[in-house]
Each structure stands twice: as structure tokens, then as C-alpha cells.
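One structure is given below, encoded as C-alpha cells.
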Amino acid sequence: MSGLSRDSRTALFVTRILIPIISVGLCVYFFMSIIERNNVSQTIDDIVKVTYKLAENYQEHNYHLFGDDAVAVGEILPYDVSVEEENGHYLISNRFGGQMHFLEAVGNKKERTLYFGLYNNPERYHQVYDGVSAYVILLTNLNSRICKTLAQTDWSAKIPNFMGIEAAYTTPTSQNNGVYNLSNYILTDNEGEFIKKTVDQGVALRRHFTDDEAEKACGCLLWRSCSIALKFM
């Protein structure tokens, strides 16, 4: 190549090296985008199926000692959702490399008052409570694009017992974002209540997000540091 002119060497570099690299990159991006879209679609189907199964199993909407373990052993999850046992508890994977968590959540102001009243006395709380009327499904380790897609999904049109959604992202100084606002301030009997500033900076709504709302709420800069939480009764 030493005898070639600068323009010829440039053209050779572009045709033999740069264009193949760009082509491979575009193919990989296209392939990964297809996988991601399929995983989003399957995740939505997973959540629809799980919520309907839970509605059958908890017809009184009384979620007592409810969590990952109860769901993992209750024949509730789709067959292809990965579940592993670790240190006596179950880890439920989502389709994006993170976890799917199932959490009890207060459903009305009476349940919240009891929970907050005994927050510093968990042993006493578990002695007097007889379950709660709502639960949360939390999906972790999402990238911004997946978070925005799930945040803008009209869950209320798919699942009758949908209560609300929270989109959040974590940073080294904001590790508590994700479910607190959704769990405690989206209730069946507190429409219009002002959500005071809490340790949770996530955005909780009773409806799906608009484009602008999702863009702001799912602004995770760290790789896969977004989360989506969904509340049902």
C-alpha cells in the first residue's frame, strides 16, 4: 500500500475496513433490537398471566405473607421464567437480566395507617396485621429504552385490577428509588392526595406515562439502572 496515494489508501480503508465494521455493527444492533422488542412483549404477557393467576388464587385480595417465595412455589409464573433458590429463598429473573420481585403493598389509608403506626415495631405489626389488599411487581436492571416502553404501556387496558405504576432510576446517592411512593401513596381511597417528598424520587402515577413523563422518569445514566414497579389489588 506504500505506493498508493493518500486518497487511494483512504478509499481502501473505507471499503475494506470501515464499511464492514459499520455493517456488522448495524446487524448486531438490529438483531439486539428484535430480541429486546420480543422480551418486552413477552414481559407484558408474563405480567398479564401472573396477575390473572394471582387474582384466581387470592380472590379476597388478602395478600398475607406474600412475596417472591410464595409466588415461586405457587405455580403462578410462566414456565420459561427462570427461578433459582439461594440461601433458602427464591430469586425470580426477568427477561432483561435483572430480577422480578413481588412485594406486599398497602391498598388503602387504613392499612397504611397501621403500617406507619408500627413501622418501628415490625414484630408487633406482623402480630396484628392479617394481610394487605395490594401488591407490587418490581422489575429491576432495565435500560432507559425498556423502562420508557413499559412506562408508556396502557396497563389498565390489559389488567382490570391495575392500580398504578412507578418508573425510577437509581444512582450511587439515590438507592431507595423504586416502590415506596407507589406502595404507600397510590391507594384506592386517596385520589388527589399530595405525595410529599420522600426518600423515593421515583415517579408514581395511576395511569401510564406520556412520552415526556417517561423520558424524565427513565433517565438512567448508569447501564441498566432503571426500574418499573406495577401495583395491583
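How things are named: the first chain in the C-alpha cells is A, the next is B, and so on; residues count from 1 in each chain; ligands count from 1 in the order shown.
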Open item on the list: Just want the 12 Å neighbourhood of range 185-195 of chain A, counted on only C-alpha atoms, with same-chain residues fewer than 6 positions away dropped. Output as number ranges by chain.
Closed with: A: 105-113, 132-136, 161-166, 179, 201-207, 229-233
Using only C-alpha atoms, what table do you get, as CSV, when you list each residue of range 84-148 of chain A with an atom no more than 8 Å from range 37-60 of chain A, its nearest pair of atoms, and their distance in Å rounded to one decimal, rows by chain then rising number?
residue,atom,partner,partner_atom,distance
A:Asn94,CA,A:Thr43,CA,7.7
A:Arg95,CA,A:Asn39,CA,5.9
A:Phe96,CA,A:Asn39,CA,7.3
A:Ile146,CA,A:Val40,CA,7.2
TODO: Quick one: pick out all strand (DSSP E or B) residues within chain A from a backbone DSSP run and write them as a PyMOL selection string.
DONE: chain A and resi 63+67+83-86+89-93+99-105+132+134-142+162-169+171+174+203-205+226-232
I need the chosen residues saved as a CSV table (one decimal), in the first residue's frame, with C-alpha atoms.
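The resulting file, out_16.csv, is shown below:
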chain,number,residue,atom,x,y,z
A,63,TYR,CA,-52.1,-10.9,50.5
A,67,GLY,CA,-43.6,-12.3,48.3
A,83,VAL,CA,-36.3,-19.2,39.2
A,84,GLU,CA,-33.3,-20.1,41.4
A,85,GLU,CA,-33.1,-21.0,45.0
A,86,GLU,CA,-30.4,-19.2,47.1
A,89,HIS,CA,-35.1,-18.1,49.2
A,90,TYR,CA,-36.1,-17.8,45.6
A,91,LEU,CA,-34.7,-15.4,43.0
A,92,ILE,CA,-37.0,-14.7,40.1
A,93,SER,CA,-35.4,-13.4,36.9
A,99,GLN,CA,-34.9,-9.5,38.9
A,100,MET,CA,-38.7,-9.7,39.2
A,101,HIS,CA,-39.8,-9.0,42.8
A,102,PHE,CA,-43.2,-9.5,44.3
A,103,LEU,CA,-44.0,-7.3,47.4
A,104,GLU,CA,-46.9,-6.7,49.7
A,105,ALA,CA,-48.3,-3.2,49.4
A,132,VAL,CA,-52.9,-6.3,52.8
A,134,ALA,CA,-52.5,-4.9,47.2
A,135,TYR,CA,-49.1,-6.0,45.8
A,136,VAL,CA,-46.3,-4.7,43.7
A,137,ILE,CA,-44.4,-6.3,40.9
A,138,LEU,CA,-40.9,-4.7,40.6
A,139,LEU,CA,-38.7,-5.2,37.5
A,140,THR,CA,-35.0,-4.2,38.0
A,141,ASN,CA,-31.9,-3.7,35.9
A,142,LEU,CA,-33.7,-2.1,32.9
A,162,PHE,CA,-54.2,-2.3,37.9
A,163,MET,CA,-53.7,0.5,40.5
A,164,GLY,CA,-50.6,2.4,39.4
A,165,ILE,CA,-47.1,2.4,38.1
A,166,GLU,CA,-43.8,3.9,39.2
A,167,ALA,CA,-40.8,4.5,37.0
A,168,ALA,CA,-37.4,5.2,38.6
A,169,TYR,CA,-33.7,5.1,38.3
A,171,THR,CA,-27.7,6.4,41.3
A,174,SER,CA,-30.2,7.5,45.3
A,203,VAL,CA,-42.5,9.0,39.7
A,204,ALA,CA,-45.7,7.2,40.7
A,205,LEU,CA,-48.9,7.6,38.6
A,226,CYS,CA,-33.9,1.9,35.7
A,227,SER,CA,-36.8,0.0,37.3
A,228,ILE,CA,-40.5,-0.3,36.7
A,229,ALA,CA,-42.9,-1.1,39.5
A,230,LEU,CA,-46.6,-2.0,38.9
A,231,LYS,CA,-49.3,-2.1,41.6
A,232,PHE,CA,-52.3,-4.3,41.6
Open item on the list: Quick check, in Å to one decimal: how far apart do CA of Ala217 in chain A and CA of Gly97 in chain A lie?
Closed with: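 These atoms are spaced 20.6 Å apart.
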TODO: Point out the residue among A:Asn62, A:Gln127, A:Asn143, A:Asn177 with the least atom-to-atom distance to Cys218 in chain A, counting only C-alpha atoms.
DONE: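 For Cys218 in chain A, the nearest of the given residues is A:Asn143.
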- [ ] Please return as a VMD selection string: the residues of range 168-211 of chain A that backbone DSSP assigns to helix (DSSP H, G or I).
- [x] chain A and resid 180 to 185 211
Task: Distance criterion (only C-alpha atoms): nearest to Phe209 in chain A out of A:Ser144, A:Ser82, A:Ser225, A:Thr153 - done: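 Smallest separation from Phe209 in chain A among the options: A:Thr153.
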Task: Shortest interatomic distance to Arg145 in chain A - which of A:Glu215, A:His64, A:Asp69, A:Glu123, counting only C-alpha atoms - done: A:Glu215
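You will find CA of Glu36 in chain A at 15.3 Å from CA of Ala151 in chain A.
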Open item on the list: I'd like to know which of A:Thr170, A:Leu65, A:Arg124, A:His208 is closest to Leu222 in chain A, using only C-alpha atoms.
Closed with: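 Among the listed residues, A:Thr170 lies closest to Leu222 in chain A.
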Open item on the list: What's the separation between CA of Pro160 in chain A and CA of His61 in chain A, in Å to one decimal place?
Closed with: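 Computing it gives 13.3 Å between the two atoms.
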